[in-house]
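Text of the file work25.txt, holding compact mmCIF, C-alpha atoms and all ligand atoms:
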```txt
# COMPACT_ATOMS: atom_id res chain seq x y z
CA MET U 1 187.34 46.01 115.28
CA LYS U 2 187.32 48.89 112.79
CA VAL U 3 185.62 48.78 109.39
CA LEU U 4 185.99 51.37 106.66
CA LEU U 5 183.25 51.55 104.03
CA LYS U 6 184.86 53.16 101.01
CA GLY U 7 183.62 55.00 97.98
CA ALA U 8 179.84 54.64 98.20
CA ARG U 9 177.28 57.37 97.67
CA VAL U 10 176.30 58.11 101.26
CA LEU U 11 172.78 59.48 101.61
CA ASP U 12 171.14 60.64 104.81
CA PRO U 13 168.23 62.94 104.00
CA SER U 14 167.61 63.64 107.69
CA ARG U 15 170.89 65.63 107.68
CA GLY U 16 170.97 66.72 104.05
CA LEU U 17 173.97 64.45 103.51
CA ASP U 18 174.60 63.19 99.96
CA GLY U 19 177.99 62.53 98.44
CA ILE U 20 180.72 60.03 97.64
CA LEU U 21 182.08 59.52 101.13
CA ASP U 22 183.78 57.02 103.40
CA VAL U 23 182.30 55.76 106.64
CA LEU U 24 184.53 54.60 109.47
CA ILE U 25 183.02 52.24 112.02
CA ASP U 26 184.59 51.29 115.34
CA GLY U 27 182.78 48.50 117.15
CA GLU U 28 179.08 49.13 116.92
CA ARG U 29 179.16 52.84 116.11
CA ILE U 30 180.10 55.19 113.30
CA THR U 31 183.13 57.24 114.27
CA LEU U 32 183.75 59.29 111.15
CA ILE U 33 182.13 60.18 107.83
CA GLY U 34 184.20 62.10 105.32
CA GLU U 35 186.15 62.18 102.10
CA ASP U 36 188.99 59.77 101.58
CA ILE U 37 189.38 58.59 105.18
CA LYS U 38 192.59 56.71 105.97
CA ALA U 39 192.56 54.11 108.73
CA GLU U 40 195.42 51.64 108.59
CA ASP U 41 193.98 49.40 111.28
CA ALA U 42 190.52 49.08 109.66
CA LYS U 43 189.14 46.36 107.45
CA VAL U 44 188.34 48.11 104.16
CA ILE U 45 185.16 47.31 102.25
CA ASP U 46 184.97 48.85 98.79
CA LEU U 47 181.41 49.91 98.04
CA SER U 48 182.03 52.00 94.92
CA GLY U 49 178.94 52.28 92.75
CA LEU U 50 176.63 51.44 95.65
CA LEU U 51 174.37 53.52 97.87
CA VAL U 52 174.76 53.65 101.65
CA VAL U 53 171.71 54.76 103.64
CA PRO U 54 170.72 54.68 107.32
CA GLY U 55 169.54 51.17 108.22
CA LEU U 56 165.97 50.62 107.07
CA VAL U 57 163.32 50.22 109.75
CA ASP U 58 160.12 48.26 109.13
CA MET U 59 157.66 49.09 111.88
CA HIS U 60 154.99 46.55 110.89
CA VAL U 61 156.02 42.91 110.64
CA HIS U 62 154.41 39.63 111.74
CA LEU U 63 156.94 37.09 113.05
CA ARG U 64 154.41 34.43 114.19
CA ASP U 65 156.61 33.40 117.11
CA PRO U 66 155.46 32.03 119.53
CA GLY U 67 152.81 29.60 118.44
CA LEU U 68 152.72 29.77 114.67
CA GLU U 69 156.33 28.94 113.86
CA TYR U 70 155.28 26.89 110.85
CA LYS U 71 154.52 30.25 109.18
CA GLU U 72 157.62 32.09 110.47
CA ASP U 73 159.81 32.25 113.54
CA ILE U 74 162.03 34.93 114.97
CA GLU U 75 165.13 33.52 113.25
CA SER U 76 163.62 33.07 109.79
CA GLY U 77 161.88 36.45 110.10
CA ALA U 78 165.07 38.21 111.16
CA LYS U 79 166.96 36.58 108.27
CA SER U 80 164.26 37.72 105.89
CA ALA U 81 164.45 41.23 107.32
CA ALA U 82 168.24 41.37 106.96
CA ALA U 83 167.99 40.14 103.36
CA GLY U 84 165.35 42.79 102.67
CA GLY U 85 167.72 45.50 103.90
CA PHE U 86 166.07 46.07 107.28
CA THR U 87 168.34 46.63 110.26
CA ALA U 88 165.34 46.92 112.60
CA ILE U 89 161.81 45.63 112.60
CA ALA U 90 158.91 45.94 115.01
CA CYS U 91 156.80 42.82 115.36
CA MET U 92 153.07 42.64 115.91
CA PRO U 93 151.65 40.75 118.89
CA ASN U 94 149.06 38.58 117.08
CA THR U 95 150.89 35.39 117.96
CA VAL U 96 149.51 32.36 119.83
CA PRO U 97 149.21 33.23 122.64
CA PRO U 98 149.21 36.95 121.93
CA VAL U 99 152.01 39.13 123.31
CA ASP U 100 149.99 40.73 126.10
CA ASN U 101 152.40 40.50 129.05
CA ALA U 102 155.95 41.40 130.01
CA ALA U 103 157.23 37.80 129.95
CA MET U 104 156.31 37.43 126.30
CA VAL U 105 157.84 40.77 125.37
CA SER U 106 161.07 39.59 127.05
CA TYR U 107 160.88 36.24 125.25
CA ILE U 108 160.82 37.94 121.85
CA ALA U 109 163.52 40.46 122.70
CA SER U 110 165.87 37.83 124.14
CA LYS U 111 165.33 35.30 121.34
CA ALA U 112 165.95 38.03 118.75
CA GLU U 113 169.11 39.04 120.54
CA ARG U 114 170.35 35.44 120.52
CA VAL U 115 169.62 35.23 116.79
CA GLY U 116 171.64 38.43 116.40
CA LEU U 117 170.54 39.58 112.94
CA SER U 118 168.18 42.53 112.48
CA ARG U 119 167.09 44.26 115.67
CA VAL U 120 163.61 43.12 116.67
CA PHE U 121 161.39 45.47 118.68
CA PRO U 122 158.30 43.82 120.18
CA ILE U 123 154.92 45.53 120.03
CA GLY U 124 152.59 44.58 122.89
CA CYS U 125 148.84 44.08 122.75
CA ILE U 126 146.48 46.89 123.61
CA SER U 127 143.97 44.48 125.15
CA LYS U 128 144.33 41.27 127.13
CA GLY U 129 144.29 38.32 124.77
CA ARG U 130 143.76 40.80 121.90
CA GLU U 131 140.10 40.42 122.71
CA GLY U 132 139.25 44.10 122.83
CA ARG U 133 137.67 43.98 126.28
CA GLU U 134 140.22 44.81 128.97
CA LEU U 135 143.47 46.78 128.75
CA ALA U 136 146.63 44.66 128.82
CA GLU U 137 149.45 45.42 131.27
CA MET U 138 150.95 48.17 129.16
CA GLY U 139 153.24 49.60 131.83
CA GLU U 140 154.90 46.25 132.51
CA MET U 141 155.27 45.55 128.81
CA ALA U 142 156.79 48.99 128.26
CA MET U 143 159.31 48.28 131.03
CA ALA U 144 160.14 44.93 129.39
CA GLY U 145 160.88 46.67 126.08
CA ALA U 146 157.61 46.97 124.15
CA VAL U 147 158.04 49.93 121.78
CA ALA U 148 154.35 50.39 120.95
CA PHE U 149 150.94 48.82 121.47
CA SER U 150 148.56 47.35 118.92
CA ASP U 151 145.86 44.69 118.56
CA ASP U 152 146.80 44.50 114.86
CA GLY U 153 144.79 41.97 112.93
CA ASN U 154 141.88 43.22 115.03
CA CYS U 155 140.57 46.72 115.41
CA VAL U 156 139.90 48.03 118.90
CA SER U 157 136.17 48.44 118.34
CA ASP U 158 135.35 49.71 121.81
CA ALA U 159 135.97 53.47 121.63
CA SER U 160 136.21 53.83 125.39
CA LEU U 161 138.90 51.14 125.59
CA MET U 162 140.79 52.84 122.76
CA ARG U 163 140.55 56.17 124.57
CA ARG U 164 142.03 54.68 127.73
CA ALA U 165 144.69 52.86 125.73
CA LEU U 166 145.79 56.16 124.20
CA MET U 167 145.97 57.84 127.59
CA TYR U 168 147.93 55.02 129.26
CA ALA U 169 150.31 54.44 126.37
CA GLY U 170 150.82 58.20 126.08
CA ASP U 171 151.80 58.32 129.76
CA PHE U 172 154.49 55.71 129.09
CA GLY U 173 155.67 57.68 126.06
CA LYS U 174 154.52 54.93 123.67
CA VAL U 175 152.41 55.12 120.57
CA VAL U 176 149.25 53.10 119.94
CA ILE U 177 149.09 51.56 116.45
CA ASP U 178 145.54 50.88 115.32
CA HIS U 179 144.35 48.43 112.69
CA CYS U 180 141.35 50.48 111.57
CA GLU U 181 138.48 48.22 110.59
CA ASP U 182 134.94 48.52 111.84
CA PRO U 183 133.93 44.85 112.12
CA THR U 184 130.26 45.65 111.63
CA LEU U 185 131.10 47.08 108.20
CA SER U 186 133.75 44.58 107.15
CA ALA U 187 132.02 41.44 108.47
CA GLY U 188 132.33 38.55 106.01
CA GLY U 189 134.23 40.64 103.48
CA VAL U 190 137.23 39.12 101.70
CA MET U 191 138.26 41.84 99.22
CA ASN U 192 137.55 45.47 98.33
CA GLU U 193 133.86 46.17 97.82
CA GLY U 194 133.44 47.31 94.25
CA TYR U 195 133.39 46.29 90.63
CA VAL U 196 135.74 43.31 90.94
CA SER U 197 134.00 41.89 94.02
CA THR U 198 130.70 42.06 92.14
CA LEU U 199 132.26 40.39 89.11
CA LEU U 200 133.76 37.60 91.20
CA GLY U 201 130.75 37.25 93.47
CA LEU U 202 132.86 37.78 96.57
CA PRO U 203 131.69 39.69 99.66
CA GLY U 204 133.34 43.10 99.85
CA ILE U 205 134.96 45.25 102.53
CA PRO U 206 133.87 48.86 101.99
CA ARG U 207 136.32 51.73 102.40
CA SER U 208 134.09 53.06 105.16
CA ALA U 209 135.11 50.11 107.38
CA GLU U 210 138.57 51.68 107.56
CA GLU U 211 137.64 55.34 107.39
CA VAL U 212 135.06 55.30 110.22
CA MET U 213 137.77 54.03 112.58
CA VAL U 214 140.44 56.40 111.28
CA ALA U 215 138.06 59.31 111.98
CA ARG U 216 137.29 57.96 115.45
CA ASP U 217 140.97 57.55 116.30
CA VAL U 218 141.75 61.07 115.15
CA ILE U 219 138.98 62.44 117.38
CA LEU U 220 140.31 60.46 120.34
CA ALA U 221 143.89 61.56 119.70
CA LYS U 222 142.71 65.15 119.57
CA GLU U 223 140.84 64.87 122.85
CA THR U 224 143.53 62.97 124.76
CA GLY U 225 146.53 64.65 123.15
CA ALA U 226 148.08 61.16 122.97
CA PRO U 227 149.70 59.98 119.75
CA VAL U 228 148.00 57.43 117.51
CA HIS U 229 149.53 55.71 114.51
CA ILE U 230 147.20 54.36 111.83
CA ALA U 231 148.38 51.02 110.43
CA HIS U 232 148.33 50.09 106.74
CA VAL U 233 146.24 52.95 105.32
CA SER U 234 144.53 51.80 102.12
CA THR U 235 141.94 54.37 101.04
CA LYS U 236 141.76 57.87 99.62
CA GLY U 237 139.29 58.81 102.36
CA SER U 238 141.69 57.77 105.13
CA VAL U 239 144.44 59.90 103.59
CA GLU U 240 142.09 62.88 103.50
CA ILE U 241 141.03 62.46 107.14
CA ILE U 242 144.65 62.15 108.32
CA ARG U 243 145.75 65.11 106.18
CA ARG U 244 143.11 67.33 107.81
CA ALA U 245 143.99 66.03 111.28
CA LYS U 246 147.68 66.78 110.79
CA ALA U 247 146.85 70.27 109.57
CA GLU U 248 144.99 70.78 112.86
CA GLY U 249 148.03 69.65 114.80
CA ILE U 250 146.49 66.39 116.05
CA PRO U 251 149.22 63.85 116.98
CA VAL U 252 148.49 61.29 114.29
CA THR U 253 150.98 59.43 112.10
CA CYS U 254 150.40 56.66 109.57
CA GLU U 255 151.93 54.10 107.27
CA VAL U 256 151.28 52.40 103.94
CA ALA U 257 152.41 49.05 102.55
CA PRO U 258 154.03 48.62 99.10
CA HIS U 259 151.25 46.30 97.88
CA HIS U 260 148.73 49.08 98.38
CA LEU U 261 150.95 51.33 96.26
CA VAL U 262 151.55 49.03 93.30
CA LEU U 263 148.50 46.77 93.08
CA THR U 264 144.76 47.30 92.79
CA GLU U 265 141.77 45.02 93.35
CA ASP U 266 142.38 43.74 89.80
CA ALA U 267 145.16 41.55 91.23
CA VAL U 268 142.43 39.43 92.85
CA MET U 269 141.02 38.47 89.41
CA GLY U 270 141.19 34.72 88.91
CA TYR U 271 140.60 34.35 92.66
CA ASN U 272 144.29 34.92 93.36
CA THR U 273 144.60 34.22 97.08
CA ASN U 274 148.13 35.68 97.15
CA ALA U 275 146.45 39.05 96.55
CA LYS U 276 144.14 38.53 99.54
CA VAL U 277 145.27 40.94 102.19
CA ASN U 278 143.80 43.04 104.96
CA PRO U 279 143.03 45.85 104.37
CA PRO U 280 142.20 44.77 100.84
CA LEU U 281 143.80 46.05 97.65
CA ARG U 282 141.69 48.99 96.47
CA THR U 283 141.47 50.97 93.22
CA GLU U 284 143.66 53.20 91.06
CA GLU U 285 142.08 56.27 92.66
CA ASP U 286 143.15 55.05 96.11
CA VAL U 287 146.66 54.19 94.90
CA GLU U 288 147.06 57.72 93.52
CA ALA U 289 145.81 59.26 96.77
CA LEU U 290 148.23 57.11 98.80
CA ILE U 291 151.17 58.24 96.67
CA GLU U 292 150.00 61.84 96.99
CA GLY U 293 149.81 61.29 100.76
CA LEU U 294 153.40 60.07 100.80
CA LYS U 295 154.53 63.07 98.77
CA ASP U 296 152.89 65.72 100.92
CA GLY U 297 153.95 64.14 104.22
CA THR U 298 150.50 62.90 105.25
CA ILE U 299 151.86 59.35 105.20
CA ASP U 300 154.95 59.06 107.37
CA ALA U 301 156.19 55.53 106.83
CA ILE U 302 156.36 52.68 104.34
CA VAL U 303 156.04 49.25 106.01
CA SER U 304 155.87 45.74 104.61
CA ASP U 305 153.04 44.43 106.84
CA HIS U 306 155.00 41.19 106.34
CA ALA U 307 152.29 38.55 106.91
CA PRO U 308 153.74 35.11 106.15
CA HIS U 309 151.38 32.15 105.83
CA SER U 310 151.86 28.51 104.85
CA MET U 311 150.90 27.39 101.35
CA ASP U 312 148.06 25.30 102.85
CA GLU U 313 146.45 28.49 104.10
CA LYS U 314 146.57 30.10 100.65
CA ASP U 315 145.94 27.11 98.41
CA VAL U 316 142.21 27.03 99.21
CA GLU U 317 139.03 28.75 98.04
CA PHE U 318 139.39 32.53 98.09
CA ASP U 319 136.98 33.13 100.96
CA LYS U 320 138.75 30.54 103.13
CA ALA U 321 142.31 31.76 102.45
CA ALA U 322 144.32 33.67 105.05
CA PHE U 323 144.80 37.41 104.63
CA GLY U 324 148.39 38.51 104.12
CA ILE U 325 151.47 38.97 101.95
CA SER U 326 155.04 37.92 102.77
CA GLY U 327 156.65 41.29 102.19
CA LEU U 328 160.04 41.79 103.84
CA GLU U 329 162.08 40.71 100.84
CA THR U 330 160.12 42.57 98.17
CA SER U 331 159.33 45.83 99.98
CA LEU U 332 162.43 47.84 99.05
CA GLY U 333 162.62 46.52 95.48
CA LEU U 334 158.98 47.37 94.80
CA VAL U 335 159.36 50.87 96.20
CA LEU U 336 162.57 51.54 94.28
CA THR U 337 161.13 50.17 91.03
CA PHE U 338 157.59 51.53 91.03
CA LEU U 339 157.92 54.73 93.05
CA VAL U 340 161.48 55.98 92.67
CA GLY U 341 162.03 54.41 89.24
CA ALA U 342 158.74 55.79 87.99
CA GLY U 343 159.56 59.27 89.31
CA LYS U 344 156.72 59.29 91.83
CA LEU U 345 158.88 59.61 94.94
CA SER U 346 162.47 60.73 95.36
CA LEU U 347 165.10 58.46 96.84
CA GLU U 348 165.37 60.90 99.75
CA GLU U 349 161.64 60.62 100.49
CA VAL U 350 161.84 56.83 100.42
CA VAL U 351 164.80 56.70 102.78
CA GLU U 352 163.03 59.01 105.24
CA LYS U 353 159.87 56.93 105.15
CA MET U 354 161.71 53.64 105.50
CA SER U 355 164.22 54.71 108.14
CA ALA U 356 164.19 58.02 110.03
CA ASN U 357 160.41 58.41 110.28
CA PRO U 358 159.56 54.95 111.63
CA ALA U 359 162.51 55.22 114.07
CA ARG U 360 161.12 58.55 115.27
CA ILE U 361 157.55 57.24 115.66
CA LEU U 362 158.77 54.26 117.71
CA LYS U 363 161.37 56.39 119.52
CA ILE U 364 164.14 53.91 118.77
CA GLU U 365 167.72 54.79 117.97
CA GLY U 366 168.41 54.79 114.25
CA GLY U 367 167.57 56.54 111.03
CA ALA U 368 170.74 58.62 110.80
CA LEU U 369 174.29 58.31 109.50
CA LYS U 370 176.49 60.45 111.70
CA GLU U 371 179.42 60.27 114.02
CA GLY U 372 178.38 58.51 117.22
CA ALA U 373 175.32 56.85 115.64
CA LEU U 374 174.80 53.11 115.67
CA ALA U 375 176.43 51.51 112.63
CA ASP U 376 173.08 50.24 111.34
CA ILE U 377 173.53 50.59 107.60
CA THR U 378 171.81 49.39 104.45
CA VAL U 379 173.83 49.14 101.26
CA ILE U 380 171.73 49.28 98.10
CA ASP U 381 172.56 48.51 94.49
CA LEU U 382 170.18 50.82 92.63
CA LYS U 383 171.04 49.26 89.27
CA LYS U 384 170.62 45.63 90.22
CA LYS U 385 167.88 43.94 88.23
CA TRP U 386 166.36 40.87 89.83
CA ALA U 387 163.23 38.76 89.67
CA VAL U 388 161.08 37.85 92.66
CA GLU U 389 161.46 34.13 93.40
CA SER U 390 159.60 33.16 96.54
CA ALA U 391 161.41 29.81 96.67
CA LYS U 392 164.54 31.80 97.49
CA PHE U 393 162.96 33.87 100.28
CA PHE U 394 164.58 33.49 103.67
CA SER U 395 161.07 33.90 105.04
CA LYS U 396 159.04 30.74 105.48
CA GLY U 397 156.15 32.67 103.93
CA LYS U 398 156.20 32.18 100.15
CA ASN U 399 152.84 33.94 99.78
CA THR U 400 153.52 36.78 97.36
CA PRO U 401 151.48 38.26 94.53
CA PHE U 402 154.76 39.47 92.99
CA GLU U 403 156.17 36.10 91.91
CA GLY U 404 158.32 36.53 88.80
CA TRP U 405 158.11 40.34 88.84
CA GLU U 406 161.23 42.06 87.51
CA LEU U 407 162.50 44.67 89.96
CA LYS U 408 165.36 47.16 89.84
CA GLY U 409 167.19 48.00 93.05
CA LYS U 410 168.06 45.73 95.95
CA ALA U 411 169.74 45.71 99.33
CA VAL U 412 173.07 43.94 98.82
CA MET U 413 174.48 44.35 102.32
CA THR U 414 172.91 44.93 105.71
CA MET U 415 174.96 45.92 108.71
CA VAL U 416 173.67 45.96 112.29
CA GLY U 417 175.85 47.53 114.99
CA GLY U 418 178.87 47.31 112.70
CA ARG U 419 178.36 43.59 111.93
CA ILE U 420 177.43 42.34 108.47
CA VAL U 421 174.19 40.38 108.92
CA TYR U 422 173.49 39.96 105.21
CA SER U 423 175.69 40.31 102.19
CA GLU U 424 175.50 39.15 98.60
CA LYS U 425 179.27 39.31 98.37
CA GLN U 426 181.92 37.88 100.65
CA TYR U 427 184.01 40.61 102.29
N1 LIG D 1 147.62 42.14 106.97
C1 LIG D 1 147.12 40.93 106.78
O1 LIG D 1 146.54 40.66 105.73
N2 LIG D 1 147.25 39.98 107.72
C2 LIG D 1 147.78 40.14 109.03
C3 LIG D 1 146.80 40.62 110.04
C4 LIG D 1 145.87 41.68 109.58
O2 LIG D 1 146.23 42.86 109.66
O3 LIG D 1 144.77 41.33 109.18
C5 LIG D 1 148.30 38.81 109.53
O4 LIG D 1 148.73 38.75 110.70
O5 LIG D 1 148.29 37.85 108.77
```
This entry written out as structure tokens:
Amino acid sequence: MKVLLKGARVLDPSRGLDGILDVLIDGERITLIGEDIKAEDAKVIDLSGLLVVPGLVDMHVHLRDPGLEYKEDIESGAKSAAAGGFTAIACMPNTVPPVDNAAMVSYIASKAERVGLSRVFPIGCISKGREGRELAEMGEMAMAGAVAFSDDGNCVSDASLMRRALMYAGDFGKVVIDHCEDPTLSAGGVMNEGYVSTLLGLPGIPRSAEEVMVARDVILAKETGAPVHIAHVSTKGSVEIIRRAKAEGIPVTCEVAPHHLVLTEDAVMGYNTNAKVNPPLRTEEDVEALIEGLKDGTIDAIVSDHAPHSMDEKDVEFDKAAFGISGLETSLGLVLTFLVGAGKLSLEEVVEKMSANPARILKIEGGALKEGALADITVIDLKKKWAVESAKFFSKGKNTPFEGWELKGKAVMTMVGGRIVYSEKQY
């Protein structure tokens, strides 16, 4: 089956490609990109006025399956990803039970394949049971298809365990993703420690809780030579540590979530539990440093940290509410509106950080539009104005602090291996 995408602006910053071009797809791969391609036997899809980019990759998503399917399952999560413009996502192992063995990695991969929407790449636990005591069977999980290792939701507090995790994972060619949070510093905290936490009388999480662990991980990556990826960076200090480490040639990469780029701790005012997230929303100074970090290449990737929860877990007192934001369906729109639209990042930078860079960090195929590449493609309408309506999310998680926000720019079609897995129009 051949498909010809006609007349879109085709942008692939990884190859310096940008122009009104046609893309010919045969089966699951791109066979030709060029001007005015003719293919009599192809189904033609007119995409004039739209933007075609390499399929977006979200390397930090919580799918809650197995065990917490009332929050999300692989099917609802993959639908949400496709609707958000993501052709591939990597899912965190903090399920019940946690994904700490090969059988569970296979379960996720095979269920996702059956669902057949966005590609789902499982991330395995660093430690057995995510308990931070004993290393999980990383080799077996890697063989079963785990693309990375993380105890996300928990930090690996034991430095010696983290050091061994880096060495083992490095031997298997996999990256360790660390949720940096020193539990002795964050204990009991429910939001950023600062003016607003004082005003609201809520226990705070200081920036040092994150930065101490970022510094430790950088030191361990330097010593072992094994790559470490810092999850959801939220503070100016973390950006500075990672910037210095990169300048020294230490193999560290990192990511940031849209909510840390467009919101501050002020969003918590009124005890808004939809703005309760880990790491917590910080201050304007941090937001500026994060954007600067994206601009100068310190921050490699933008991820949603999609953390769906049920309304029951949010509709409670602030200190009892679950941490997390349902982010897959707002991620791209927020970035296009508040970073590209506001002139803070270029479209090219965004596409790199939401496609080629995460694909490279996870060593998965993707992130490029070229002959022979997988036909994983995101079609974006940069002019489309829309309002966030959580009731319409494909995700079961309606927990968003962006309800009613007016955004400009949206994925209108998502194609995985040449198949349309989401489209706002019938073709
Ligand atoms: N990011 C969040 O606020 N929540 C995450 C886990 C975590 O990183 O705390 C979740 O799984 O809900």
Any residue with an atom at most 10 Å from ligand LIG 1 (chain D) counts, using all atoms listed in the file. Which are they? Put them as a compact mmCIF listing (two decimals) with C-alpha atoms, keeping the file's coordinate frame.
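This went into selection_14.txt:
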```
# COMPACT_ATOMS: atom_id res chain seq x y z
CA HIS U 60 154.99 46.55 110.89
CA VAL U 61 156.02 42.91 110.64
CA HIS U 62 154.41 39.63 111.74
CA LEU U 63 156.94 37.09 113.05
CA ARG U 64 154.41 34.43 114.19
CA LYS U 71 154.52 30.25 109.18
CA MET U 92 153.07 42.64 115.91
CA PRO U 93 151.65 40.75 118.89
CA ASN U 94 149.06 38.58 117.08
CA THR U 95 150.89 35.39 117.96
CA ASP U 151 145.86 44.69 118.56
CA ASP U 152 146.80 44.50 114.86
CA GLY U 153 144.79 41.97 112.93
CA ASN U 154 141.88 43.22 115.03
CA CYS U 155 140.57 46.72 115.41
CA ASP U 178 145.54 50.88 115.32
CA HIS U 179 144.35 48.43 112.69
CA CYS U 180 141.35 50.48 111.57
CA GLU U 181 138.48 48.22 110.59
CA ALA U 231 148.38 51.02 110.43
CA HIS U 232 148.33 50.09 106.74
CA ALA U 257 152.41 49.05 102.55
CA ALA U 275 146.45 39.05 96.55
CA LYS U 276 144.14 38.53 99.54
CA VAL U 277 145.27 40.94 102.19
CA ASN U 278 143.80 43.04 104.96
CA PRO U 279 143.03 45.85 104.37
CA PRO U 280 142.20 44.77 100.84
CA SER U 304 155.87 45.74 104.61
CA ASP U 305 153.04 44.43 106.84
CA HIS U 306 155.00 41.19 106.34
CA ALA U 307 152.29 38.55 106.91
CA PRO U 308 153.74 35.11 106.15
CA HIS U 309 151.38 32.15 105.83
CA ALA U 322 144.32 33.67 105.05
CA PHE U 323 144.80 37.41 104.63
CA GLY U 324 148.39 38.51 104.12
CA ILE U 325 151.47 38.97 101.95
CA SER U 326 155.04 37.92 102.77
```
Would you please work out which residue, of U:Met311, U:Ala247, U:Leu407, U:Leu345, is nearest to Glu329 in chain U when using all atoms listed in the file?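 Between U:Met311, U:Ala247, U:Leu407, U:Leu345, the residue approaching Glu329 in chain U most closely is U:Leu407.
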Separating CA of Arg216 in chain U from CA of His260 in chain U, to the nearest tenth of an Å, is a gap of 22.4 Å
Shell around range 226-228 of chain U at 12 Å using all atoms listed in the file, local window under 3 positions removed, as a VMD selection string: chain U and resid 148 to 150 162 to 180 213 to 223 231 242 245 to 246 249 to 255 361 to 362
Which polymer residues, whether protein, DNA or RNA, lie within 12 Å of the coordinate (177.6, 50.2, 116.1) when you count all atoms listed in the file? List them as number ranges by chain, using the chain letters and numbers from the file. U: 1-3, 23-31, 55, 87, 365-366, 369-377, 415-420
Okay, now the selection with C-alpha atoms, as an mmCIF file, in the coordinates of the input?
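So the final result, stored in again05.cif, reads:
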```
data_model
loop_
_atom_site.group_PDB
_atom_site.id
_atom_site.type_symbol
_atom_site.label_atom_id
_atom_site.label_comp_id
_atom_site.auth_asym_id
_atom_site.auth_seq_id
_atom_site.Cartn_x
_atom_site.Cartn_y
_atom_site.Cartn_z
ATOM 1 C CA MET U 1 187.340 46.010 115.280
ATOM 2 C CA LYS U 2 187.320 48.890 112.790
ATOM 3 C CA VAL U 3 185.620 48.780 109.390
ATOM 4 C CA VAL U 23 182.300 55.760 106.640
ATOM 5 C CA LEU U 24 184.530 54.600 109.470
ATOM 6 C CA ILE U 25 183.020 52.240 112.020
ATOM 7 C CA ASP U 26 184.590 51.290 115.340
ATOM 8 C CA GLY U 27 182.780 48.500 117.150
ATOM 9 C CA GLU U 28 179.080 49.130 116.920
ATOM 10 C CA ARG U 29 179.160 52.840 116.110
ATOM 11 C CA ILE U 30 180.100 55.190 113.300
ATOM 12 C CA THR U 31 183.130 57.240 114.270
ATOM 13 C CA GLY U 55 169.540 51.170 108.220
ATOM 14 C CA THR U 87 168.340 46.630 110.260
ATOM 15 C CA GLU U 365 167.720 54.790 117.970
ATOM 16 C CA GLY U 366 168.410 54.790 114.250
ATOM 17 C CA LEU U 369 174.290 58.310 109.500
ATOM 18 C CA LYS U 370 176.490 60.450 111.700
ATOM 19 C CA GLU U 371 179.420 60.270 114.020
ATOM 20 C CA GLY U 372 178.380 58.510 117.220
ATOM 21 C CA ALA U 373 175.320 56.850 115.640
ATOM 22 C CA LEU U 374 174.800 53.110 115.670
ATOM 23 C CA ALA U 375 176.430 51.510 112.630
ATOM 24 C CA ASP U 376 173.080 50.240 111.340
ATOM 25 C CA ILE U 377 173.530 50.590 107.600
ATOM 26 C CA MET U 415 174.960 45.920 108.710
ATOM 27 C CA VAL U 416 173.670 45.960 112.290
ATOM 28 C CA GLY U 417 175.850 47.530 114.990
ATOM 29 C CA GLY U 418 178.870 47.310 112.700
ATOM 30 C CA ARG U 419 178.360 43.590 111.930
ATOM 31 C CA ILE U 420 177.430 42.340 108.470
#
```
CA of Ser76 in chain U to CA of Ser395 in chain U: how many Å, to one decimal?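 Distance between the two atoms: 5.5 Å.
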Coordinates-based distance that separates CA of Gly237 in chain U from CA of Glu211 in chain U (Å, one decimal):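 These two atoms are separated by 6.3 Å.
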Near range 40-46 of chain U, within 7 Å and counting only C-alpha atoms, which residues show up once chain neighbours fewer than 3 positions away are dropped, as a PyMOL selection string? chain U and resi 2-7+427
Box dimensions and centre (Å, one decimal) enclosing range 418-421 of chain U, axis-aligned, 4 Å extra per side, as AutoDock Vina command-line options:
```
--center_x 176.5 --center_y 43.8 --center_z 110.6 --size_x 12.7 --size_y 14.9 --size_z 12.2
```
Selected residue, from U:Gly397, U:Phe318, U:Ile33, U:Leu56, that lies nearest to Tyr70 in chain U when counting all atoms listed in the file: U:Gly397
Using all atoms listed in the file, pick whichever of U:Ala78, U:Val233, U:Ala356, U:Leu17 has the shortest atom-to-atom distance to Val52 in chain U.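 Checking each candidate against Val52 in chain U, we get U:Leu17 as the closest.
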Pick out the closest residue to Asp182 in chain U from this set: U:Val10, U:Asp312, U:Asn101, U:Ser157. Count only C-alpha atoms.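 Among U:Val10, U:Asp312, U:Asn101, U:Ser157, it is U:Ser157 that comes nearest to Asp182 in chain U.
Near Asp381 in chain U, within 10 Å and counting all atoms listed in the file, sit Leu47, Gly49, Leu50, Leu51, Val52, Lys385, Lys408, Gly409, Lys410, Ala411, Val412 and Met413 of chain U; same-chain residues fewer than 4 positions away were not included.
Distance check against Thr273 in chain U using all atoms listed in the file: of U:Cys91, U:Leu200, U:Met354, U:Val316, the minimum falls on U:Val316.
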Would you please work out which residue, of U:Ser14, U:Asn399, U:Asn357, U:Ser346, is nearest to Ala321 in chain U when using only C-alpha atoms?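 Closest residue, counting only C-alpha atoms: U:Asn399.
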Tell me which protein, DNA and RNA residues are within 9 Å of Lys79 in chain U, counting all atoms listed in the file, leaving out same-chain ones fewer than 4 positions away, and put them as a PyMOL selection string. chain U and resi 74-75+83-84+117-118+394-395+421-422
Which residues are near range 342-344 of chain U? Cut-off 8 Å, only C-alpha atoms, ignore same chain within fewer than 4 positions. Put them as a PyMOL selection string. chain U and resi 291+337-338
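For the point (147.5, 43.0, 92.3) in file coordinates, the residues within 10 Å, using all atoms listed in the file, are His259, His260, Leu261, Val262, Leu263, Thr264, Glu265, Asp266, Ala267, Val268, Met269, Asn272, Asn274, Ala275, Lys276, Leu281, Arg282, Pro401 and Phe402 of chain U.
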